[in-house]
$ cat input.cif   # mmCIF, C-alpha atoms
data_entry
#
loop_
_atom_site.label_atom_id
_atom_site.label_comp_id
_atom_site.auth_asym_id
_atom_site.auth_seq_id
_atom_site.Cartn_x
_atom_site.Cartn_y
_atom_site.Cartn_z
CA GLN Y 13 -26.36 71.46 -41.61
CA ALA Y 14 -23.32 70.16 -39.79
CA ASN Y 15 -21.36 67.35 -41.38
CA ILE Y 16 -21.17 64.17 -39.31
CA CYS Y 17 -17.64 62.84 -39.11
CA TRP Y 18 -16.90 59.43 -37.61
CA PRO Y 19 -13.99 59.60 -35.18
CA TRP Y 20 -11.91 56.89 -36.92
CA PRO Y 21 -8.57 58.57 -36.10
CA LEU Y 22 -9.53 58.59 -32.42
CA PHE Y 23 -10.59 54.94 -32.63
CA PHE Y 24 -7.23 53.82 -33.95
CA ARG Y 25 -5.48 55.82 -31.24
CA ASP Y 26 -7.44 54.13 -28.46
CA PRO Y 27 -5.43 51.09 -27.26
CA TRP Y 28 -8.48 49.57 -25.57
CA ALA Y 29 -10.48 49.68 -28.81
CA LEU Y 30 -7.64 48.10 -30.76
CA ALA Y 31 -7.26 45.42 -28.10
CA ALA Y 32 -10.97 44.67 -28.26
CA VAL Y 33 -10.81 44.24 -32.05
CA GLY Y 34 -7.65 42.16 -31.74
CA ILE Y 35 -9.43 39.79 -29.39
CA ALA Y 36 -12.86 39.76 -31.03
CA VAL Y 37 -11.79 39.00 -34.60
CA PRO Y 38 -9.67 35.92 -33.78
CA ALA Y 39 -12.37 34.73 -31.37
CA VAL Y 40 -15.04 34.90 -34.07
CA LEU Y 41 -12.81 33.15 -36.59
CA MET Y 42 -11.87 30.45 -34.10
CA GLY Y 43 -15.51 29.93 -33.16
CA LYS Y 44 -16.45 29.50 -36.81
CA PHE Y 45 -13.61 27.04 -37.30
CA LEU Y 46 -14.61 24.97 -34.25
CA VAL Y 47 -18.25 24.81 -35.30
CA THR Y 48 -17.32 23.83 -38.86
CA ARG Y 49 -14.65 21.35 -37.76
CA PHE Y 50 -16.41 19.54 -34.95
CA PHE Y 51 -20.16 20.19 -35.17
CA THR Y 52 -20.94 20.32 -38.89
CA LEU Y 53 -21.32 17.12 -40.90
CA PRO Y 54 -19.84 17.77 -44.36
CA HIS Y 55 -21.76 14.96 -46.05
CA SER Y 56 -24.75 14.25 -43.84
CA GLU Y 57 -26.81 12.97 -46.76
CA PRO Y 58 -24.59 12.11 -49.76
CA GLU Y 59 -26.15 11.31 -53.10
CA PRO Y 60 -26.13 7.63 -54.16
CA SER Y 61 -23.57 6.72 -56.81
CA PRO Y 62 -24.94 6.40 -60.35
CA LYS Y 63 -25.17 2.77 -61.47
CA ARG Y 64 -24.91 3.26 -65.25
CA ALA Y 65 -24.88 5.85 -68.00
CA VAL Y 66 -27.94 7.85 -68.96
CA PRO Y 67 -29.61 6.08 -71.93
CA GLY Y 68 -28.25 7.47 -75.18
CA GLU Y 69 -24.99 8.71 -73.60
CA GLU Y 70 -23.11 5.40 -73.66
CA ASP Y 71 -20.99 6.50 -76.63
CA GLU Y 72 -19.80 9.71 -74.93
CA VAL Y 73 -16.10 9.84 -74.10
CA PHE Y 74 -15.38 8.90 -70.50
CA VAL Y 75 -13.32 11.74 -68.96
CA LEU Y 76 -11.14 10.75 -66.00
CA TYR Y 77 -10.00 13.51 -63.65
CA GLN Y 78 -6.91 12.76 -61.61
CA GLY Y 79 -3.83 14.39 -60.14
CA LYS Y 80 -0.83 14.87 -62.42
CA GLN Y 81 2.59 14.90 -60.80
CA SER Y 82 6.03 15.22 -62.35
CA ILE Y 83 7.27 12.07 -60.62
CA ALA Y 84 4.63 9.36 -60.72
CA GLY Y 85 3.56 6.06 -62.17
CA PRO Y 86 2.52 5.33 -65.75
CA SER Y 87 -0.71 7.30 -65.44
CA GLY Y 88 1.09 10.40 -64.18
CA SER Y 89 -0.73 10.15 -60.85
CA LEU Y 90 0.68 9.04 -57.50
CA SER Y 91 -2.73 7.77 -56.38
CA ILE Y 92 -3.27 4.03 -56.68
CA PHE Y 93 -6.99 4.72 -57.07
CA CYS Y 94 -6.44 6.96 -60.10
CA LEU Y 95 -4.08 4.41 -61.63
CA LYS Y 96 -6.58 1.63 -60.90
CA VAL Y 97 -9.33 3.33 -62.90
CA GLU Y 98 -7.07 4.24 -65.83
CA THR Y 99 -5.75 0.66 -65.92
CA PHE Y 100 -9.32 -0.67 -66.02
CA LEU Y 101 -10.17 1.64 -68.93
CA ARG Y 102 -7.10 0.52 -70.86
CA VAL Y 103 -7.63 -3.19 -70.22
CA ALA Y 104 -11.35 -2.99 -71.06
CA LYS Y 105 -10.57 -0.89 -74.16
CA ILE Y 106 -13.12 1.77 -73.25
CA PRO Y 107 -12.48 5.12 -74.98
CA PHE Y 108 -11.43 7.75 -72.46
CA SER Y 109 -9.46 10.93 -71.93
CA VAL Y 110 -7.56 12.17 -68.88
CA LYS Y 111 -7.61 15.66 -67.37
CA GLY Y 112 -5.63 16.99 -64.43
CA ALA Y 113 -7.56 18.07 -61.35
CA LEU Y 114 -7.24 18.80 -57.65
CA ALA Y 115 -9.09 16.88 -54.98
CA PHE Y 116 -11.31 19.79 -53.89
CA GLN Y 117 -12.70 20.01 -57.44
CA GLY Y 118 -14.36 16.61 -57.10
CA PRO Y 119 -17.93 16.32 -55.80
CA LYS Y 120 -16.71 14.31 -52.79
CA GLY Y 121 -13.51 16.26 -52.31
CA LYS Y 122 -11.19 13.51 -53.50
CA LEU Y 123 -9.65 11.97 -56.59
CA PRO Y 124 -10.37 10.38 -58.93
CA PHE Y 125 -13.71 11.46 -60.31
CA ALA Y 126 -15.07 11.23 -63.83
CA LYS Y 127 -17.63 12.72 -66.19
CA HIS Y 128 -19.48 10.65 -68.77
CA GLY Y 129 -22.01 12.69 -70.67
CA SER Y 130 -24.20 14.33 -68.03
CA THR Y 131 -23.16 11.85 -65.32
CA THR Y 132 -20.44 12.43 -62.72
CA THR Y 133 -19.01 9.46 -60.84
CA CYS Y 134 -16.72 9.43 -57.80
CA ASP Y 135 -14.71 6.83 -55.88
CA SER Y 136 -12.79 4.19 -57.84
CA HIS Y 137 -14.94 1.30 -56.60
CA TYR Y 138 -18.20 2.83 -57.79
CA MET Y 139 -16.57 4.10 -60.98
CA LEU Y 140 -15.65 0.53 -61.95
CA GLU Y 141 -19.14 -0.62 -61.03
CA TYR Y 142 -20.55 2.13 -63.27
CA LEU Y 143 -18.28 1.13 -66.16
CA LEU Y 144 -19.17 -2.55 -65.87
CA ASN Y 145 -22.89 -1.80 -65.77
CA THR Y 146 -22.64 0.62 -68.69
CA PHE Y 147 -20.40 -1.33 -71.05
CA SER Y 148 -21.18 -4.99 -70.36
CA LYS Y 149 -24.39 -6.96 -70.19
CA GLU Y 150 -23.11 -8.81 -67.16
CA GLY Y 151 -22.52 -5.70 -65.14
CA THR Y 152 -21.30 -6.41 -61.63
CA SER Y 153 -23.29 -9.63 -61.11
CA ARG Y 154 -22.09 -13.18 -61.77
CA GLU Y 155 -25.36 -14.41 -63.30
CA HIS Y 156 -24.28 -13.76 -66.89
CA ALA Y 157 -20.93 -14.23 -68.57
CA GLU Y 158 -21.13 -12.44 -71.86
CA SER Y 159 -20.63 -8.91 -73.07
CA THR Y 160 -23.01 -6.92 -75.20
CA ARG Y 161 -20.10 -5.24 -77.00
CA LYS Y 162 -20.11 -6.55 -80.53
CA GLY Y 163 -17.02 -8.51 -81.48
CA ASP Y 164 -15.97 -9.29 -77.91
CA ALA Y 165 -15.50 -12.88 -76.79
CA ALA Y 166 -18.01 -14.29 -74.31
CA GLY Y 167 -17.26 -13.13 -70.80
CA MET Y 168 -14.80 -10.47 -71.94
CA LEU Y 169 -14.83 -6.68 -72.09
CA GLY Y 170 -11.86 -5.81 -74.25
CA ASP Y 171 -9.04 -7.76 -72.60
CA LEU Y 172 -10.85 -7.80 -69.25
CA ALA Y 173 -12.31 -10.99 -67.79
CA LEU Y 174 -15.74 -10.18 -66.37
CA PRO Y 175 -16.61 -11.41 -62.86
CA GLY Y 176 -19.06 -13.97 -64.26
CA THR Y 177 -16.20 -15.99 -65.78
CA MET Y 178 -14.59 -16.53 -62.36
CA ASP Y 179 -15.55 -19.27 -59.93
CA ALA Y 180 -16.55 -18.37 -56.37
CA ARG Y 181 -13.09 -19.02 -54.91
CA GLN Y 182 -11.28 -17.03 -57.59
CA LEU Y 183 -13.57 -14.06 -57.03
CA ALA Y 184 -13.24 -14.30 -53.24
CA VAL Y 185 -9.42 -14.36 -53.43
CA ALA Y 186 -9.37 -11.42 -55.86
CA LYS Y 187 -11.65 -9.36 -53.62
CA ALA Y 188 -9.66 -10.28 -50.50
CA ILE Y 189 -6.48 -8.98 -52.15
CA GLU Y 190 -8.30 -5.80 -53.13
CA VAL Y 191 -9.47 -5.25 -49.55
CA VAL Y 192 -5.95 -5.75 -48.15
CA ILE Y 193 -4.57 -3.25 -50.67
CA GLU Y 194 -7.20 -0.55 -50.32
CA HIS Y 195 -7.79 -0.74 -46.57
CA ARG Y 196 -4.36 -1.72 -45.23
CA LEU Y 197 -1.50 -1.26 -47.69
CA TYR Y 198 -2.77 2.08 -48.95
CA TYR Y 199 -2.69 3.63 -45.47
CA ASN Y 200 0.65 2.00 -44.65
CA GLY Y 201 2.12 3.66 -47.73
CA MET Y 202 0.45 6.96 -46.89
CA MET Y 203 2.04 6.88 -43.45
CA LEU Y 204 5.53 6.35 -44.89
CA ARG Y 205 5.03 9.11 -47.49
CA TRP Y 206 3.31 11.76 -45.40
CA GLY Y 207 4.18 10.81 -41.83
CA HIS Y 208 7.86 9.97 -42.17
CA ASP Y 209 10.13 12.97 -42.76
CA ASP Y 210 12.14 11.30 -45.57
CA GLY Y 211 8.98 10.48 -47.49
CA PHE Y 212 7.43 13.89 -46.86
CA ALA Y 213 10.55 15.62 -48.18
CA LYS Y 214 9.86 13.98 -51.55
CA ILE Y 215 6.14 14.77 -51.32
CA THR Y 216 7.07 18.42 -50.76
CA LYS Y 217 9.11 18.57 -53.96
CA ILE Y 218 6.45 16.79 -56.01
CA PHE Y 219 3.29 18.53 -54.83
CA PHE Y 220 4.43 21.88 -53.47
CA GLY Y 221 7.37 22.92 -55.63
CA ALA Y 222 5.41 25.81 -57.19
CA VAL Y 223 4.03 27.18 -53.91
CA PRO Y 224 5.50 30.65 -53.07
CA ALA Y 225 8.17 30.41 -50.39
CA ILE Y 226 6.49 32.97 -48.14
CA ILE Y 227 3.40 30.81 -47.59
CA LYS Y 228 4.86 27.35 -48.20
CA PRO Y 229 5.52 26.52 -44.50
CA PHE Y 230 1.90 27.29 -43.60
CA ILE Y 231 0.49 25.33 -46.54
CA LEU Y 232 2.72 22.33 -45.82
CA ARG Y 233 1.75 22.35 -42.16
CA MET Y 234 -1.96 22.60 -42.91
CA VAL Y 235 -2.04 19.90 -45.59
CA ARG Y 236 0.18 17.51 -43.66
CA ARG Y 237 -1.98 17.98 -40.58
CA ASN Y 238 -5.14 17.17 -42.55
CA VAL Y 239 -3.56 14.00 -43.92
CA TRP Y 240 -2.32 13.11 -40.46
CA ASP Y 241 -5.84 13.49 -39.03
CA THR Y 242 -7.11 11.06 -41.69
CA MET Y 243 -4.38 8.54 -40.87
CA ARG Y 244 -5.03 8.88 -37.14
CA ALA Y 245 -8.76 8.33 -37.59
CA GLN Y 246 -7.95 5.20 -39.61
CA GLY Y 247 -5.53 4.09 -36.90
CA VAL Y 248 -2.24 3.80 -38.76
CA ALA Y 249 -0.84 7.06 -37.35
CA THR Y 250 -1.21 5.78 -33.78
CA HIS Y 251 1.65 3.32 -34.39
CA HIS Y 252 5.39 3.81 -34.58
CA VAL Y 253 6.69 3.95 -38.14
CA SER Y 254 8.71 0.76 -37.61
CA ASP Y 255 5.50 -1.09 -36.67
CA VAL Y 256 3.79 0.24 -39.79
CA ASP Y 257 6.73 -0.86 -41.90
CA ARG Y 258 6.64 -4.37 -40.44
CA ARG Y 259 2.90 -4.65 -40.97
CA GLU Y 260 3.25 -3.54 -44.58
CA ILE Y 261 5.74 -6.33 -45.23
CA GLU Y 262 3.39 -8.87 -43.64
CA ASP Y 263 0.50 -7.65 -45.80
CA TRP Y 264 2.56 -7.96 -48.98
CA ASP Y 265 3.50 -11.51 -47.94
CA THR Y 266 -0.22 -12.27 -47.66
CA VAL Y 267 -0.96 -10.80 -51.08
CA ALA Y 268 1.97 -12.69 -52.61
CA THR Y 269 0.82 -16.01 -51.12
CA LEU Y 270 -2.72 -15.60 -52.42
CA PHE Y 271 -1.44 -14.60 -55.85
CA GLU Y 272 1.31 -17.20 -56.21
CA THR Y 273 -0.88 -20.11 -55.08
CA SER Y 274 -3.62 -19.26 -57.58
CA GLY Y 275 -1.69 -21.04 -60.34
CA THR Y 276 -2.84 -18.55 -62.99
CA PRO Y 277 -1.10 -15.53 -64.57
CA PHE Y 278 -3.84 -13.17 -63.36
CA LEU Y 279 -6.33 -13.05 -60.53
CA GLY Y 280 -9.01 -13.48 -63.19
CA GLY Y 281 -7.38 -16.62 -64.59
CA ASP Y 282 -5.91 -16.36 -68.06
CA ALA Y 283 -7.03 -12.73 -68.40
CA PRO Y 284 -7.00 -9.80 -65.95
CA CYS Y 285 -10.15 -9.09 -63.94
CA PRO Y 286 -11.12 -5.76 -62.27
CA GLN Y 287 -9.15 -6.66 -59.13
CA ASP Y 288 -6.01 -7.13 -61.25
CA CYS Y 289 -6.21 -3.41 -61.96
CA THR Y 290 -6.02 -2.73 -58.21
CA LEU Y 291 -3.12 -5.15 -57.70
CA PHE Y 292 -1.13 -3.66 -60.57
CA ALA Y 293 -1.77 -0.10 -59.37
CA ALA Y 294 -0.54 -0.92 -55.87
CA LEU Y 295 2.56 -2.76 -57.13
CA ASP Y 296 3.52 -0.06 -59.61
CA SER Y 297 3.07 2.61 -56.94
CA LEU Y 298 5.31 0.63 -54.60
CA LEU Y 299 8.02 -0.36 -57.07
CA ASN Y 300 8.26 2.59 -59.44
CA THR Y 301 7.93 5.73 -57.35
CA PRO Y 302 10.92 7.29 -55.55
CA PHE Y 303 9.79 6.78 -51.97
CA PRO Y 304 11.84 4.97 -49.33
CA SER Y 305 10.26 1.71 -48.26
CA LYS Y 306 11.49 -1.51 -46.72
CA ALA Y 307 8.45 -3.20 -48.23
CA LYS Y 308 9.76 -2.37 -51.72
CA ASP Y 309 13.08 -4.04 -50.93
CA HIS Y 310 11.25 -7.02 -49.44
CA VAL Y 311 8.92 -7.54 -52.41
CA ILE Y 312 11.81 -7.29 -54.88
CA ALA Y 313 13.92 -9.78 -52.90
CA LYS Y 314 11.26 -12.28 -51.79
CA HIS Y 315 8.45 -12.10 -54.35
CA PRO Y 316 9.89 -11.94 -57.88
CA ALA Y 317 6.59 -13.29 -59.27
CA LEU Y 318 4.83 -10.09 -58.19
CA VAL Y 319 7.57 -7.94 -59.73
CA GLU Y 320 7.39 -9.86 -63.02
CA TYR Y 321 3.60 -9.59 -62.98
CA ALA Y 322 3.71 -5.79 -62.49
CA ASP Y 323 6.39 -5.25 -65.16
CA ALA Y 324 4.59 -7.44 -67.72
CA PHE Y 325 1.27 -5.73 -66.97
CA ARG Y 326 2.83 -2.30 -67.42
CA ALA Y 327 4.54 -3.27 -70.68
CA ARG Y 328 1.31 -4.70 -72.11
CA PHE Y 329 -1.22 -2.05 -71.15
CA PHE Y 330 0.99 1.06 -70.83
CA PRO Y 331 3.32 0.69 -73.83
CA ASP Y 332 3.31 4.46 -74.36
CA VAL Y 333 5.02 5.30 -71.06
CA GLY Y 334 8.30 3.52 -71.78
CA PRO Y 335 10.28 1.00 -69.73
CA VAL Y 336 10.61 0.96 -65.97
CA ASP Y 337 13.14 3.44 -64.56
CA MET Y 338 15.43 1.11 -62.61
CA ALA Y 339 17.15 4.04 -60.88
CA VAL Y 340 13.82 5.00 -59.30
CA ARG Y 341 13.14 1.39 -58.35
CA ARG Y 342 16.45 1.17 -56.52
CA GLU Y 343 15.74 4.38 -54.58
CA SER Y 344 14.44 2.97 -51.31
CA LYS Y 345 16.53 1.76 -48.38
CA LEU Y 346 14.62 3.50 -45.59
CA VAL Y 347 16.35 3.20 -42.22
CA MET Y 348 13.83 2.97 -39.40
CA ILE Y 349 14.65 4.32 -35.94
#
$ encode --input "input.cif" --output "structure tokens"
Amino acid sequence: QANICWPWPLFFRDPWALAAVGIAVPAVLMGKFLVTRFFTLPHSEPEPSPKRAVPGEEDEVFVLYQGKQSIAGPSGSLSIFCLKVETFLRVAKIPFSVKGALAFQGPKGKLPFAKHGSTTTCDSHYMLEYLLNTFSKEGTSREHAESTRKGDAAGMLGDLALPGTMDARQLAVAKAIEVVIEHRLYYNGMMLRWGHDDGFAKITKIFFGAVPAIIKPFILRMVRRNVWDTMRAQGVATHHVSDVDRREIEDWDTVATLFETSGTPFLGGDAPCPQDCTLFAALDSLLNTPFPSKAKDHVIAKHPALVEYADAFRARFFPDVGPVDMAVRRESKLVMI
């Protein structure tokens, strides 16, 4: 019986065969990429966010997963959304632990996310809703103003003022500030960090310092492009960086006016409310991270009340992270072209 031998040596010597493979393989890969990128919906039917803990699991430790960078705010994360959730947990005095994670590890492909017993929660807004519903009788409604946690004052969860203690105008102002921060200022800051070369140079050192040099240019290009696509879809990347910078200053002026005319030390009155956690996270991310920003200079010069608010908030609820690094705060002075 004759042995059958495939003519592989002849195949590799045939330039037409090699050319066919060289064309076919990239074509197949490109086709797969195009179908996945433009014709496949990644979350066509997402699961609804859990409203509260599973009965009997309320006493489980709440585990917060967030990014951990060497140069960051008091939580160790550069994300205002991660810092917002950790601030809420500290103010409300809810037992928790923090673990480092990458965005792709989360169920929705972003940070932060959390695990509480058998429940996984994602997105900072719904995480705070989950925590309020789980740990206070009032939950997220304004119909009640007392906590079920024994020993807490009426309307309080730890040191947190629950929404039911706020009048309609207070709550509306607090939520308006939160919307400006999360849907305007966040993307303005993202543009200056990821879109502007000076900001991205710092991002490169913080996030990609451990990436092998041989693949670093490709990784940087891919990640920056993905972020850029997000900013372009939102709209901020369609503007010149000087326009973004000017709009960021205007937005901080709006936030400062709403805050300073409230006549109270916090958005929640005499005690911080959930939206105070968002305001502090945004201010600390602006003031105490080493990214160039004209908005930082503007807030420091024109709105000392916001700076004092952020510093006092940090000292009270993050006493373990030490004082503000004034050298980092002074590192701004971005020259726009």
$ atom_distance --input "input.cif" --atom1 "CA of Gln182 (chain Y)" --atom2 "CA of Thr273 (chain Y)"
11.1 Å
$ atom_distance --input "input.cif" --atom1 "CA of Pro119 (chain Y)" --atom2 "CA of Gln287 (chain Y)"
24.8 Å
$ atom_distance --input "input.cif" --atom1 "CA of Pro304 (chain Y)" --atom2 "CA of Arg341 (chain Y)"
9.8 Å
$ closest_residue --input "input.cif" --among "Y:Leu174, Y:Leu270, Y:Leu299, Y:Leu114" --to "Ala313 (chain Y)" --atoms "all atoms listed in the file"
Y:Leu299
$ residues_around --input "input.cif" --residues "Gly170 (chain Y)" --least-positions-apart "4" --cutoff "8 Å" --atoms "all atoms listed in the file" --output "list in words"
Val103, Ala104, Lys105, Ile106 and Asp164 of chain Y
$ closest_residue --input "input.cif" --among "Y:Val47, Y:Leu172, Y:Ala65, Y:Leu318" --to "Asn145 (chain Y)" --atoms "only C-alpha atoms"
Y:Ala65
$ resolve_selection --input "input.cif" --expression "the PyMOL selection byres ((chain Y and resi 285) around 7)" --output "list of chain:residue names"
Y:Leu172, Y:Ala173, Y:Leu174, Y:Pro175, Y:Leu279, Y:Gly280, Y:Ala283, Y:Pro284, Y:Pro286, Y:Gln287, Y:Asp288
$ write_last_selection --input "input.cif" --atoms "C-alpha atoms" --output "PDB file, in the frame of the given file"
ATOM      1  CA  LEU Y 172     -10.850  -7.800 -69.250  1.00  0.00           C
ATOM      2  CA  ALA Y 173     -12.310 -10.990 -67.790  1.00  0.00           C
ATOM      3  CA  LEU Y 174     -15.740 -10.180 -66.370  1.00  0.00           C
ATOM      4  CA  PRO Y 175     -16.610 -11.410 -62.860  1.00  0.00           C
ATOM      5  CA  LEU Y 279      -6.330 -13.050 -60.530  1.00  0.00           C
ATOM      6  CA  GLY Y 280      -9.010 -13.480 -63.190  1.00  0.00           C
ATOM      7  CA  ALA Y 283      -7.030 -12.730 -68.400  1.00  0.00           C
ATOM      8  CA  PRO Y 284      -7.000  -9.800 -65.950  1.00  0.00           C
ATOM      9  CA  PRO Y 286     -11.120  -5.760 -62.270  1.00  0.00           C
ATOM     10  CA  GLN Y 287      -9.150  -6.660 -59.130  1.00  0.00           C
ATOM     11  CA  ASP Y 288      -6.010  -7.130 -61.250  1.00  0.00           C
TER      12      ASP Y 288
END
$ resolve_selection --input "input.cif" --expression "the PyMOL selection byres ((chain Y and resi 239) around 12)" --output "JSON, numbers by chain"
{"Y": [199, 202, 203, 204, 205, 206, 207, 212, 232, 233, 234, 235, 236, 237, 238, 240, 241, 242, 243, 244, 245, 246, 248, 249]}
$ write_last_selection --input "input.cif" --atoms "C-alpha atoms" --output "tab-separated table (two decimals), keeping the file's coordinate frame"
chain	number	residue	atom	x	y	z
Y	199	TYR	CA	-2.69	3.63	-45.47
Y	202	MET	CA	0.45	6.96	-46.89
Y	203	MET	CA	2.04	6.88	-43.45
Y	204	LEU	CA	5.53	6.35	-44.89
Y	205	ARG	CA	5.03	9.11	-47.49
Y	206	TRP	CA	3.31	11.76	-45.40
Y	207	GLY	CA	4.18	10.81	-41.83
Y	212	PHE	CA	7.43	13.89	-46.86
Y	232	LEU	CA	2.72	22.33	-45.82
Y	233	ARG	CA	1.75	22.35	-42.16
Y	234	MET	CA	-1.96	22.60	-42.91
Y	235	VAL	CA	-2.04	19.90	-45.59
Y	236	ARG	CA	0.18	17.51	-43.66
Y	237	ARG	CA	-1.98	17.98	-40.58
Y	238	ASN	CA	-5.14	17.17	-42.55
Y	240	TRP	CA	-2.32	13.11	-40.46
Y	241	ASP	CA	-5.84	13.49	-39.03
Y	242	THR	CA	-7.11	11.06	-41.69
Y	243	MET	CA	-4.38	8.54	-40.87
Y	244	ARG	CA	-5.03	8.88	-37.14
Y	245	ALA	CA	-8.76	8.33	-37.59
Y	246	GLN	CA	-7.95	5.20	-39.61
Y	248	VAL	CA	-2.24	3.80	-38.76
Y	249	ALA	CA	-0.84	7.06	-37.35
$ resolve_selection --input "input.cif" --expression "the PyMOL selection byres ((chain Y and resi 300) around 8)" --output "compact mmCIF listing (two decimals) with C-alpha atoms, in the coordinates of the input"
# COMPACT_ATOMS: atom_id res chain seq x y z
CA ALA Y 84 4.63 9.36 -60.72
CA GLY Y 85 3.56 6.06 -62.17
CA ASP Y 296 3.52 -0.06 -59.61
CA SER Y 297 3.07 2.61 -56.94
CA LEU Y 298 5.31 0.63 -54.60
CA LEU Y 299 8.02 -0.36 -57.07
CA THR Y 301 7.93 5.73 -57.35
CA PRO Y 302 10.92 7.29 -55.55
CA VAL Y 336 10.61 0.96 -65.97
CA ASP Y 337 13.14 3.44 -64.56
CA MET Y 338 15.43 1.11 -62.61
CA VAL Y 340 13.82 5.00 -59.30
CA ARG Y 341 13.14 1.39 -58.35
$ closest_residue --input "input.cif" --among "Y:Thr146, Y:Gln117, Y:Thr290, Y:Thr133" --to "Gly68 (chain Y)" --atoms "only C-alpha atoms"
Y:Thr146
$ closest_residue --input "input.cif" --among "Y:Lys306, Y:Lys122, Y:Lys80, Y:His195" --to "Ile218 (chain Y)" --atoms "all atoms listed in the file"
Y:Lys80
$ closest_residue --input "input.cif" --among "Y:Glu320, Y:Glu57, Y:Asp135, Y:Glu260" --to "Ile193 (chain Y)" --atoms "only C-alpha atoms"
Y:Glu260
$ closest_residue --input "input.cif" --among "Y:Thr132, Y:Ser148, Y:Thr99, Y:Ser109" --to "Pro60 (chain Y)" --atoms "all atoms listed in the file"
Y:Thr132
